[in-house]
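Asks: The structure file model_24.cif (mmCIF, C-alpha atoms and all ligand atoms) is provided below.
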data_structure
loop_
_atom_site.group_PDB
_atom_site.id
_atom_site.type_symbol
_atom_site.label_atom_id
_atom_site.label_comp_id
_atom_site.auth_asym_id
_atom_site.auth_seq_id
_atom_site.Cartn_x
_atom_site.Cartn_y
_atom_site.Cartn_z
ATOM 1 C CA MET A 1077 -26.570 19.442 -16.598
ATOM 2 C CA LEU A 1078 -23.283 18.147 -18.036
ATOM 3 C CA GLU A 1079 -22.816 21.411 -19.901
ATOM 4 C CA GLU A 1080 -23.358 23.398 -16.706
ATOM 5 C CA LEU A 1081 -20.938 21.179 -14.788
ATOM 6 C CA THR A 1082 -18.334 21.570 -17.522
ATOM 7 C CA LEU A 1083 -18.784 25.321 -17.584
ATOM 8 C CA GLN A 1084 -18.449 25.643 -13.823
ATOM 9 C CA PHE A 1085 -15.898 22.937 -12.965
ATOM 10 C CA GLY A 1086 -14.366 21.694 -16.215
ATOM 11 C CA ILE A 1087 -10.600 22.087 -16.718
ATOM 12 C CA PRO A 1088 -9.417 21.131 -20.217
ATOM 13 C CA GLY A 1089 -7.168 18.082 -20.037
ATOM 14 C CA ALA A 1090 -7.753 17.586 -16.293
ATOM 15 C CA VAL A 1091 -11.443 17.531 -15.264
ATOM 16 C CA GLY A 1092 -14.331 16.710 -17.584
ATOM 17 C CA PHE A 1093 -17.899 15.489 -17.214
ATOM 18 C CA VAL A 1094 -19.513 12.694 -19.206
ATOM 19 C CA PRO A 1095 -22.663 10.605 -18.931
ATOM 20 C CA GLY A 1096 -21.885 7.440 -16.959
ATOM 21 C CA VAL A 1097 -23.985 4.263 -16.903
ATOM 22 C CA ASN A 1098 -27.710 5.082 -17.240
ATOM 23 C CA GLY A 1099 -26.728 8.675 -17.975
ATOM 24 C CA LEU A 1100 -25.639 9.410 -14.385
ATOM 25 C CA PRO A 1101 -23.122 12.278 -14.451
ATOM 26 C CA LYS A 1102 -19.522 11.264 -13.929
ATOM 27 C CA ALA A 1103 -16.377 13.388 -13.486
ATOM 28 C CA MET A 1104 -13.265 12.225 -15.346
ATOM 29 C CA LEU A 1105 -9.974 13.259 -13.741
ATOM 30 C CA SER A 1106 -6.743 13.109 -15.766
ATOM 31 C CA HIS A 1107 -3.239 13.653 -14.423
ATOM 32 C CA GLU A 1108 -0.462 14.784 -16.778
ATOM 33 C CA SER A 1109 1.367 11.465 -16.109
ATOM 34 C CA GLY A 1110 -1.524 9.527 -17.678
ATOM 35 C CA ALA A 1111 -3.105 8.535 -14.332
ATOM 36 C CA SER A 1112 -6.889 8.855 -14.232
ATOM 37 C CA ALA A 1113 -9.887 8.528 -11.931
ATOM 38 C CA GLU A 1114 -13.652 8.662 -12.304
ATOM 39 C CA VAL A 1115 -16.165 9.951 -9.769
ATOM 40 C CA TYR A 1116 -19.960 9.670 -10.005
ATOM 41 C CA LEU A 1117 -21.944 12.510 -8.452
ATOM 42 C CA HIS A 1118 -24.279 9.737 -7.243
ATOM 43 C CA GLY A 1119 -22.798 8.894 -3.849
ATOM 44 C CA ALA A 1120 -19.553 10.857 -4.612
ATOM 45 C CA HIS A 1121 -18.545 7.407 -5.725
ATOM 46 C CA VAL A 1122 -15.050 6.813 -7.137
ATOM 47 C CA THR A 1123 -15.524 4.051 -9.720
ATOM 48 C CA SER A 1124 -12.099 3.939 -11.340
ATOM 49 C CA TRP A 1125 -8.446 4.673 -10.596
ATOM 50 C CA ARG A 1126 -5.612 3.877 -12.958
ATOM 51 C CA VAL A 1127 -1.956 4.815 -13.115
ATOM 52 C CA VAL A 1128 -0.181 5.014 -16.444
ATOM 53 C CA GLY A 1129 0.143 1.674 -18.198
ATOM 54 C CA GLY A 1130 -1.901 -0.212 -15.593
ATOM 55 C CA ASP A 1131 -5.293 -1.864 -15.211
ATOM 56 C CA ASP A 1132 -7.957 -0.406 -12.986
ATOM 57 C CA LEU A 1133 -6.948 -0.662 -9.324
ATOM 58 C CA PHE A 1134 -10.582 -0.763 -8.225
ATOM 59 C CA PHE A 1135 -13.078 -3.548 -8.793
ATOM 60 C CA MET A 1136 -16.483 -2.701 -10.250
ATOM 61 C CA SER A 1137 -19.256 -5.273 -10.371
ATOM 62 C CA ALA A 1138 -20.733 -5.958 -13.795
ATOM 63 C CA GLU A 1139 -24.080 -6.376 -11.975
ATOM 64 C CA SER A 1140 -23.988 -3.001 -10.206
ATOM 65 C CA ALA A 1141 -27.097 -0.840 -10.157
ATOM 66 C CA TYR A 1142 -26.588 2.744 -11.294
ATOM 67 C CA GLU A 1143 -29.824 4.334 -10.242
ATOM 68 C CA GLU A 1144 -31.349 6.757 -7.811
ATOM 69 C CA GLY A 1145 -31.768 5.337 -4.335
ATOM 70 C CA ARG A 1146 -29.446 2.343 -4.895
ATOM 71 C CA PRO A 1147 -25.740 2.053 -4.133
ATOM 72 C CA ILE A 1148 -23.086 1.432 -6.774
ATOM 73 C CA ARG A 1149 -21.267 -1.897 -6.189
ATOM 74 C CA GLY A 1150 -17.475 -1.516 -6.377
ATOM 75 C CA GLY A 1151 -14.998 1.384 -6.318
ATOM 76 C CA ILE A 1152 -15.280 3.488 -3.163
ATOM 77 C CA PRO A 1153 -18.753 3.684 -1.625
ATOM 78 C CA VAL A 1154 -18.814 6.566 0.879
ATOM 79 C CA ILE A 1155 -20.431 5.336 4.078
ATOM 80 C CA PHE A 1156 -22.098 7.954 6.317
ATOM 81 C CA PRO A 1157 -23.630 8.380 8.899
ATOM 82 C CA GLN A 1158 -24.097 4.663 9.678
ATOM 83 C CA PHE A 1159 -21.686 1.850 8.938
ATOM 84 C CA GLY A 1160 -23.494 -1.475 8.404
ATOM 85 C CA GLY A 1161 -27.028 -2.202 9.563
ATOM 86 C CA GLY A 1162 -29.162 -0.164 11.964
ATOM 87 C CA PRO A 1163 -32.077 2.264 11.832
ATOM 88 C CA LEU A 1164 -30.901 3.844 8.554
ATOM 89 C CA PRO A 1165 -30.539 2.116 5.181
ATOM 90 C CA SER A 1166 -27.535 -0.275 5.189
ATOM 91 C CA HIS A 1167 -24.307 1.797 5.285
ATOM 92 C CA GLY A 1168 -26.239 5.077 5.555
ATOM 93 C CA PHE A 1169 -27.623 7.448 2.942
ATOM 94 C CA ALA A 1170 -24.524 9.218 1.572
ATOM 95 C CA ARG A 1171 -23.943 6.479 -1.016
ATOM 96 C CA LEU A 1172 -27.587 6.686 -2.136
ATOM 97 C CA THR A 1173 -27.708 10.445 -2.631
ATOM 98 C CA GLU A 1174 -26.672 12.866 -5.381
ATOM 99 C CA TRP A 1175 -23.773 15.100 -4.313
ATOM 100 C CA GLU A 1176 -22.806 18.476 -5.739
ATOM 101 C CA PRO A 1177 -19.337 19.453 -6.910
ATOM 102 C CA THR A 1178 -17.571 22.051 -4.759
ATOM 103 C CA LEU A 1179 -14.319 22.621 -6.610
ATOM 104 C CA ALA A 1180 -11.994 21.364 -9.314
ATOM 105 C CA ALA A 1181 -8.362 22.450 -9.523
ATOM 106 C CA VAL A 1182 -4.938 21.575 -10.863
ATOM 107 C CA GLU A 1183 -2.228 22.382 -8.320
ATOM 108 C CA GLU A 1184 1.156 23.811 -9.275
ATOM 109 C CA ASN A 1185 2.703 20.366 -8.772
ATOM 110 C CA GLY A 1186 0.219 18.903 -11.264
ATOM 111 C CA GLU A 1187 -2.074 17.186 -8.740
ATOM 112 C CA VAL A 1188 -5.688 17.173 -9.824
ATOM 113 C CA GLU A 1189 -8.280 17.821 -7.149
ATOM 114 C CA PHE A 1190 -12.027 17.383 -7.309
ATOM 115 C CA ALA A 1191 -14.335 17.873 -4.328
ATOM 116 C CA LEU A 1192 -18.048 17.312 -3.765
ATOM 117 C CA HIS A 1193 -20.363 18.009 -0.886
ATOM 118 C CA LEU A 1194 -23.620 16.841 0.598
ATOM 119 C CA GLU A 1195 -25.754 18.706 3.102
ATOM 120 C CA ASP A 1196 -28.822 17.753 5.076
ATOM 121 C CA THR A 1197 -32.173 18.018 3.300
ATOM 122 C CA PRO A 1198 -35.716 17.255 4.464
ATOM 123 C CA ALA A 1199 -35.128 13.685 3.177
ATOM 124 C CA THR A 1200 -31.907 13.167 5.189
ATOM 125 C CA ARG A 1201 -33.409 14.837 8.303
ATOM 126 C CA HIS A 1202 -36.368 12.461 8.023
ATOM 127 C CA LEU A 1203 -33.901 9.567 8.316
ATOM 128 C CA TRP A 1204 -31.358 11.237 10.594
ATOM 129 C CA PRO A 1205 -32.433 14.455 12.303
ATOM 130 C CA HIS A 1206 -29.147 16.387 12.164
ATOM 131 C CA PRO A 1207 -27.902 19.343 10.138
ATOM 132 C CA PHE A 1208 -24.507 18.452 8.649
ATOM 133 C CA ARG A 1209 -22.111 19.192 5.834
ATOM 134 C CA LEU A 1210 -20.103 16.349 4.353
ATOM 135 C CA GLU A 1211 -17.293 16.862 1.855
ATOM 136 C CA LEU A 1212 -15.312 14.359 -0.145
ATOM 137 C CA ALA A 1213 -12.142 15.602 -1.844
ATOM 138 C CA VAL A 1214 -10.270 13.373 -4.278
ATOM 139 C CA THR A 1215 -6.690 14.202 -5.275
ATOM 140 C CA LEU A 1216 -5.045 12.389 -8.160
ATOM 141 C CA THR A 1217 -1.262 12.276 -8.424
ATOM 142 C CA GLU A 1218 1.076 10.212 -10.601
ATOM 143 C CA ARG A 1219 0.966 7.061 -8.405
ATOM 144 C CA ALA A 1220 -1.581 7.881 -5.701
ATOM 145 C CA LEU A 1221 -5.204 8.699 -5.041
ATOM 146 C CA VAL A 1222 -5.905 10.639 -1.853
ATOM 147 C CA VAL A 1223 -9.453 10.745 -0.494
ATOM 148 C CA ARG A 1224 -10.298 13.230 2.237
ATOM 149 C CA MET A 1225 -13.620 13.101 4.026
ATOM 150 C CA THR A 1226 -14.811 16.015 6.156
ATOM 151 C CA VAL A 1227 -17.895 16.125 8.367
ATOM 152 C CA GLU A 1228 -19.143 19.348 9.902
ATOM 153 C CA ASN A 1229 -21.859 19.572 12.500
ATOM 154 C CA SER A 1230 -23.823 22.587 11.290
ATOM 155 C CA GLY A 1231 -26.578 22.155 13.878
ATOM 156 C CA ALA A 1232 -27.057 23.183 17.497
ATOM 157 C CA GLU A 1233 -26.886 19.701 19.067
ATOM 158 C CA PRO A 1234 -24.034 17.186 19.128
ATOM 159 C CA PHE A 1235 -24.341 14.130 16.858
ATOM 160 C CA SER A 1236 -22.571 10.799 16.517
ATOM 161 C CA PHE A 1237 -21.785 8.961 13.309
ATOM 162 C CA THR A 1238 -19.859 6.046 11.898
ATOM 163 C CA GLU A 1239 -18.254 6.338 8.465
ATOM 164 C CA ALA A 1240 -16.073 4.501 5.992
ATOM 165 C CA LEU A 1241 -14.411 4.519 2.627
ATOM 166 C CA HIS A 1242 -15.600 1.046 1.604
ATOM 167 C CA THR A 1243 -12.931 0.415 -1.026
ATOM 168 C CA TYR A 1244 -13.138 -2.556 -3.415
ATOM 169 C CA PHE A 1245 -9.678 -3.441 -4.760
ATOM 170 C CA SER A 1246 -9.381 -5.359 -7.981
ATOM 171 C CA VAL A 1247 -7.366 -8.589 -7.678
ATOM 172 C CA ALA A 1248 -6.738 -11.230 -10.340
ATOM 173 C CA ASP A 1249 -7.691 -14.045 -7.948
ATOM 174 C CA ALA A 1250 -8.757 -13.484 -4.321
ATOM 175 C CA ARG A 1251 -7.312 -16.924 -3.477
ATOM 176 C CA ARG A 1252 -3.921 -15.476 -4.348
ATOM 177 C CA ALA A 1253 -4.293 -12.114 -2.631
ATOM 178 C CA ALA A 1254 -3.203 -11.042 0.847
ATOM 179 C CA VAL A 1255 -3.775 -8.166 3.238
ATOM 180 C CA ARG A 1256 -0.755 -7.206 5.332
ATOM 181 C CA GLY A 1257 -0.220 -4.922 8.299
ATOM 182 C CA LEU A 1258 -2.886 -6.229 10.678
ATOM 183 C CA GLN A 1259 -0.929 -8.830 12.630
ATOM 184 C CA GLY A 1260 -1.489 -8.465 16.380
ATOM 185 C CA VAL A 1261 -4.576 -6.252 15.902
ATOM 186 C CA THR A 1262 -7.838 -7.133 17.682
ATOM 187 C CA TYR A 1263 -10.733 -7.733 15.321
ATOM 188 C CA ILE A 1264 -14.465 -8.107 15.717
ATOM 189 C CA ASP A 1265 -15.590 -11.094 13.685
ATOM 190 C CA SER A 1266 -18.990 -10.202 12.218
ATOM 191 C CA LEU A 1267 -19.464 -13.837 11.124
ATOM 192 C CA ARG A 1268 -18.889 -15.242 14.637
ATOM 193 C CA ASP A 1269 -21.329 -13.246 16.798
ATOM 194 C CA ASP A 1270 -18.964 -10.272 16.943
ATOM 195 C CA THR A 1271 -16.437 -12.212 19.014
ATOM 196 C CA ARG A 1272 -13.089 -10.490 19.446
ATOM 197 C CA GLU A 1273 -9.886 -12.215 18.347
ATOM 198 C CA VAL A 1274 -6.314 -11.119 17.847
ATOM 199 C CA GLU A 1275 -5.008 -11.496 14.280
ATOM 200 C CA THR A 1276 -2.152 -13.986 14.137
ATOM 201 C CA PRO A 1277 -0.780 -14.409 10.602
ATOM 202 C CA GLU A 1278 1.307 -11.711 9.024
ATOM 203 C CA ALA A 1279 -0.662 -12.032 5.781
ATOM 204 C CA ILE A 1280 -4.450 -12.424 5.794
ATOM 205 C CA THR A 1281 -5.518 -14.672 2.917
ATOM 206 C CA PHE A 1282 -8.953 -15.620 1.598
ATOM 207 C CA THR A 1283 -10.437 -19.119 1.587
ATOM 208 C CA GLU A 1284 -13.967 -18.399 2.863
ATOM 209 C CA GLU A 1285 -16.363 -15.561 3.674
ATOM 210 C CA THR A 1286 -14.469 -12.926 5.658
ATOM 211 C CA ASP A 1287 -16.041 -9.949 7.449
ATOM 212 C CA ARG A 1288 -13.965 -8.400 10.215
ATOM 213 C CA ILE A 1289 -13.521 -5.018 11.857
ATOM 214 C CA TYR A 1290 -9.912 -4.458 12.934
ATOM 215 C CA VAL A 1291 -10.113 -2.013 15.823
ATOM 216 C CA ALA A 1292 -7.592 0.853 16.042
ATOM 217 C CA ALA A 1293 -5.563 -0.627 13.193
ATOM 218 C CA PRO A 1294 -2.095 0.634 12.192
ATOM 219 C CA HIS A 1295 -1.934 3.540 9.754
ATOM 220 C CA VAL A 1296 -0.489 1.480 6.910
ATOM 221 C CA VAL A 1297 -2.090 -1.644 5.423
ATOM 222 C CA GLN A 1298 -1.226 -3.300 2.120
ATOM 223 C CA VAL A 1299 -3.156 -5.344 -0.429
ATOM 224 C CA GLU A 1300 -0.995 -7.726 -2.377
ATOM 225 C CA ASP A 1301 -2.089 -9.253 -5.671
ATOM 226 C CA GLN A 1302 0.282 -12.180 -6.048
ATOM 227 C CA VAL A 1303 -0.820 -12.939 -9.615
ATOM 228 C CA ARG A 1304 -0.287 -9.412 -10.934
ATOM 229 C CA ARG A 1305 2.667 -8.888 -8.570
ATOM 230 C CA ARG A 1306 1.087 -5.643 -7.453
ATOM 231 C CA ILE A 1307 1.020 -4.069 -3.993
ATOM 232 C CA ILE A 1308 -1.367 -1.276 -3.117
ATOM 233 C CA THR A 1309 -0.506 0.673 0.018
ATOM 234 C CA ILE A 1310 -3.326 2.166 2.060
ATOM 235 C CA GLU A 1311 -2.343 4.920 4.511
ATOM 236 C CA LYS A 1312 -5.031 6.270 6.773
ATOM 237 C CA HIS A 1313 -5.136 9.263 9.098
ATOM 238 C CA ASN A 1314 -7.822 9.935 11.667
ATOM 239 C CA MET A 1315 -9.713 6.856 10.452
ATOM 240 C CA PRO A 1316 -9.053 4.357 13.239
ATOM 241 C CA ASP A 1317 -10.481 1.057 12.004
ATOM 242 C CA VAL A 1318 -10.097 -1.251 9.016
ATOM 243 C CA VAL A 1319 -12.683 -3.702 7.671
ATOM 244 C CA VAL A 1320 -11.575 -6.680 5.605
ATOM 245 C CA TRP A 1321 -14.447 -8.182 3.629
ATOM 246 C CA ASN A 1322 -14.978 -10.777 0.961
ATOM 247 C CA PRO A 1323 -18.470 -12.307 0.534
ATOM 248 C CA TRP A 1324 -17.149 -15.587 -0.928
ATOM 249 C CA THR A 1325 -19.552 -17.995 -2.675
ATOM 250 C CA ALA A 1326 -22.873 -18.186 -0.800
ATOM 251 C CA LYS A 1327 -23.150 -14.486 0.024
ATOM 252 C CA ALA A 1328 -22.112 -13.555 -3.532
ATOM 253 C CA GLN A 1329 -25.091 -15.580 -4.732
ATOM 254 C CA ARG A 1330 -27.428 -13.810 -2.301
ATOM 255 C CA MET A 1331 -26.355 -10.321 -3.380
ATOM 256 C CA PRO A 1332 -28.573 -9.170 -6.285
ATOM 257 C CA ASP A 1333 -26.070 -6.606 -7.597
ATOM 258 C CA PHE A 1334 -22.985 -8.828 -7.573
ATOM 259 C CA GLY A 1335 -22.026 -11.679 -9.935
ATOM 260 C CA ASP A 1336 -21.792 -15.195 -8.491
ATOM 261 C CA SER A 1337 -18.071 -15.516 -9.217
ATOM 262 C CA GLU A 1338 -17.059 -11.876 -8.763
ATOM 263 C CA TYR A 1339 -15.868 -12.604 -5.208
ATOM 264 C CA LEU A 1340 -12.709 -13.941 -6.850
ATOM 265 C CA ARG A 1341 -11.969 -10.550 -8.429
ATOM 266 C CA MET A 1342 -12.154 -8.299 -5.360
ATOM 267 C CA VAL A 1343 -11.039 -7.712 -1.826
ATOM 268 C CA CYS A 1344 -12.538 -4.923 0.293
ATOM 269 C CA VAL A 1345 -10.220 -3.128 2.685
ATOM 270 C CA GLU A 1346 -12.197 -0.307 4.257
ATOM 271 C CA THR A 1347 -11.015 2.568 6.449
ATOM 272 C CA GLY A 1348 -13.023 4.614 8.929
ATOM 273 C CA HIS A 1349 -14.907 4.629 12.220
ATOM 274 C CA MET A 1350 -16.679 1.273 12.200
ATOM 275 C CA ALA A 1351 -16.110 -0.140 15.693
ATOM 276 C CA ALA A 1352 -17.372 2.927 17.566
ATOM 277 C CA ALA A 1353 -19.167 6.145 16.646
ATOM 278 C CA HIS A 1354 -17.451 9.509 16.586
ATOM 279 C CA THR A 1355 -19.216 12.423 18.275
ATOM 280 C CA LEU A 1356 -19.095 15.994 16.961
ATOM 281 C CA ALA A 1357 -20.058 19.021 19.014
ATOM 282 C CA PRO A 1358 -22.123 21.781 17.347
ATOM 283 C CA GLY A 1359 -19.903 23.728 14.940
ATOM 284 C CA ALA A 1360 -17.111 21.130 15.141
ATOM 285 C CA THR A 1361 -15.470 19.437 12.167
ATOM 286 C CA TRP A 1362 -13.891 16.027 11.749
ATOM 287 C CA GLN A 1363 -11.566 15.133 8.896
ATOM 288 C CA GLY A 1364 -10.157 11.747 7.896
ATOM 289 C CA VAL A 1365 -7.840 10.907 5.003
ATOM 290 C CA THR A 1366 -6.978 7.698 3.179
ATOM 291 C CA ARG A 1367 -4.164 7.639 0.645
ATOM 292 C CA PHE A 1368 -3.927 4.801 -1.865
ATOM 293 C CA SER A 1369 -0.666 4.327 -3.734
ATOM 294 C CA VAL A 1370 0.849 1.744 -5.992
ATOM 295 C CA VAL A 1371 4.478 1.064 -6.802
HETATM 296 C C1 LIG B 1401 -19.069 -4.586 4.601
HETATM 297 C C2 LIG B 1401 -19.732 -5.258 5.759
HETATM 298 O O1 LIG B 1401 -18.510 -3.399 5.041
HETATM 299 O O2 LIG B 1401 -20.033 -4.303 3.589
HETATM 300 C C3 LIG B 1401 -20.434 -6.505 5.273
HETATM 301 O O3 LIG B 1401 -18.758 -5.541 6.752
HETATM 302 C C4 LIG B 1401 -21.410 -6.167 4.156
HETATM 303 O O4 LIG B 1401 -21.116 -7.114 6.362
HETATM 304 C C5 LIG B 1401 -20.657 -5.434 3.063
HETATM 305 O O5 LIG B 1401 -21.977 -7.356 3.653
HETATM 306 C C6 LIG B 1401 -21.527 -5.018 1.878
HETATM 307 O O6 LIG B 1401 -22.623 -4.282 2.291
HETATM 308 P P1 LIG B 1401 -23.696 -3.794 1.246
HETATM 309 O O7 LIG B 1401 -24.756 -3.056 2.034
HETATM 310 O O8 LIG B 1401 -22.970 -2.882 0.277
HETATM 311 O O9 LIG B 1401 -24.214 -5.025 0.552
#
As structure tokens, please, write out the structure in this file.

Replies:
Amino acid sequence: MLEELTLQFGIPGAVGFVPGVNGLPKAMLSHESGASAEVYLHGAHVTSWRVVGGDDLFFMSAESAYEEGRPIRGGIPVIFPQFGGGPLPSHGFARLTEWEPTLAAVEENGEVEFALHLEDTPATRHLWPHPFRLELAVTLTERALVVRMTVENSGAEPFSFTEALHTYFSVADARRAAVRGLQGVTYIDSLRDDTREVETPEAITFTEETDRIYVAAPHVVQVEDQVRRRIITIEKHNMPDVVVWNPWTAKAQRMPDFGDSEYLRMVCVETGHMAAAHTLAPGATWQGVTRFSVV
């Protein structure tokens, strides 16, 4: 399989395929600047992003499963067609399914692009009875990673979905990390019976379990790691909401694929449609983009 992938999509020096954990196929993207990213075909899951001379910008749990039917813990889980709980498996089936590469390219300006797609199958229609085509395109530049998600309704009936890029950022110490850009935004507090509050501080900090959906959030949000003196900027387009999540101590202990103290090493800032579903007419397409950059 790796040989076939390399033959069809490999680009020497830019896109390669290697066995990841448990032999799951993984694409390795390399930018001429030295920046790199890794994408598992399982879930179209980005598990690593580095710029030259830096540590990984994404957190990966040492306890993560890497197996069929289970999500990978860390990086960017792709959430579709259901954010959170509901009739489908938690956060939908896209993160549990094997995707297929669509294209690999190096643009004239040196950007490296890798795209994958997922279409409905008898198994997805059994869970969610809609024909669809989902694409995830990852573009690696010198200081940024751009992730574009496209959903097409290839059936004859409208459907509604929620979606997210459930990104886990690596921080040296969550107690010394902050999320900025959400002051004045209304959030739904999942830990307080979904009550709605308006965010007051300029910087959101972490001292306990946090699980909030910021509704119609601004386009730019930042994650600051005060220990590493690093700021990651998240710019989103056509992805209205932002979730800020950290499981803290008790929930970390309850999660089987997450170390008890790993909550100190991560902060999730997620982008997408989480507060309300988006409806697509037959033949219609939706596209959302999130750009991560680091200075
Ligand atoms: C977040 C949710 O998006 O994902 C949390 O807001 C949830 O409530 C978290 O706990 C992790 O979900 P999962 O299914 O990956 O354990």

Asks: Go through A:Phe1134, A:Phe1368, A:Phe1159, A:Tyr1263 and flag the residue nearest ligand LIG 1401 (chain B), using all atoms listed in the file for the distances.

Replies: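 The shortest atom-to-atom distance to ligand LIG 1401 (chain B) comes from A:Phe1159.
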
Asks: Select the residues contacting ligand LIG 1401 (chain B) at a distance of at most 7 Å, based on all atoms listed in the file, then format the selection as a list of chain:residue names.

Replies: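 Residues lying within 7 Å of ligand LIG 1401 (chain B): A:Arg1149, A:Gly1160, A:Ser1166, A:His1167, A:His1242, A:Ser1266, A:Asp1287, A:Arg1288, A:Val1319, A:Trp1321, A:Pro1323, A:Met1331.
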
Asks: Pick the closest to A:Ser1230 from A:Ile1264, A:Val1247, A:Ala1360, A:Leu1179: which is it, counting only C-alpha atoms?

Replies: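 Nearest candidate to A:Ser1230 out of A:Ile1264, A:Val1247, A:Ala1360, A:Leu1179: A:Ala1360.
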
Asks: Between A:Phe1085, A:Trp1324, A:Phe1245, A:Phe1156, which residue has the minimum interatomic distance to A:Phe1169, considering only C-alpha atoms?

Replies: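 Looking only at the distances to A:Phe1169, the closest residue turns out to be A:Phe1156.
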
Asks: Would you please work out which residue, of A:Leu1212, A:Gly1260, A:Met1225, A:Ile1289, is nearest to A:Thr1276 when using all atoms listed in the file?

Replies: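 So, comparing all the options, the nearest one is A:Gly1260.
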
Asks: Please export stretch 1224-1241 of chain A as a tab-separated table (two decimals), in the first residue's frame, restricted to N, CA and C atoms.

Replies:
chain	number	residue	atom	x	y	z
A	1224	ARG	N	-8.20	23.12	4.87
A	1224	ARG	CA	-9.45	23.48	4.20
A	1224	ARG	C	-10.35	22.25	4.17
A	1225	MET	N	-11.57	22.44	4.64
A	1225	MET	CA	-12.51	21.32	4.70
A	1225	MET	C	-13.66	21.63	3.76
A	1226	THR	N	-14.01	20.67	2.91
A	1226	THR	CA	-15.08	20.89	1.94
A	1226	THR	C	-16.10	19.76	2.07
A	1227	VAL	N	-17.36	20.12	2.12
A	1227	VAL	CA	-18.43	19.11	2.18
A	1227	VAL	C	-19.34	19.32	0.98
A	1228	GLU	N	-19.60	18.25	0.26
A	1228	GLU	CA	-20.51	18.33	-0.88
A	1228	GLU	C	-21.68	17.40	-0.63
A	1229	ASN	N	-22.86	17.89	-0.88
A	1229	ASN	CA	-24.04	17.04	-0.80
A	1229	ASN	C	-24.24	16.38	-2.16
A	1230	SER	N	-23.86	15.11	-2.26
A	1230	SER	CA	-23.96	14.43	-3.56
A	1230	SER	C	-25.27	13.65	-3.68
A	1231	GLY	N	-26.19	13.87	-2.76
A	1231	GLY	CA	-27.47	13.17	-2.82
A	1231	GLY	C	-28.60	14.04	-3.37
A	1232	ALA	N	-29.82	13.55	-3.23
A	1232	ALA	CA	-30.98	14.23	-3.80
A	1232	ALA	C	-31.81	14.95	-2.74
A	1233	GLU	N	-31.42	14.80	-1.48
A	1233	GLU	CA	-32.15	15.45	-0.37
A	1233	GLU	C	-31.20	16.38	0.36
A	1234	PRO	N	-31.72	17.46	0.98
A	1234	PRO	CA	-30.83	18.28	1.80
A	1234	PRO	C	-30.35	17.51	3.03
A	1235	PHE	N	-29.19	17.87	3.57
A	1235	PHE	CA	-28.78	17.33	4.88
A	1235	PHE	C	-28.16	18.42	5.73
A	1236	SER	N	-28.13	18.17	7.03
A	1236	SER	CA	-27.54	19.11	7.98
A	1236	SER	C	-26.40	18.42	8.71
A	1237	PHE	N	-25.37	19.18	9.03
A	1237	PHE	CA	-24.23	18.59	9.73
A	1237	PHE	C	-23.60	19.63	10.65
A	1238	THR	N	-22.90	19.15	11.65
A	1238	THR	CA	-21.98	19.99	12.40
A	1238	THR	C	-20.59	19.45	12.09
A	1239	GLU	N	-19.58	20.27	12.31
A	1239	GLU	CA	-18.21	19.87	11.94
A	1239	GLU	C	-17.22	20.66	12.77
A	1240	ALA	N	-16.00	20.16	12.84
A	1240	ALA	CA	-14.94	20.92	13.52
A	1240	ALA	C	-13.56	20.40	13.16
A	1241	LEU	N	-12.61	21.30	13.26
A	1241	LEU	CA	-11.19	20.91	13.33
A	1241	LEU	C	-10.87	21.02	14.81
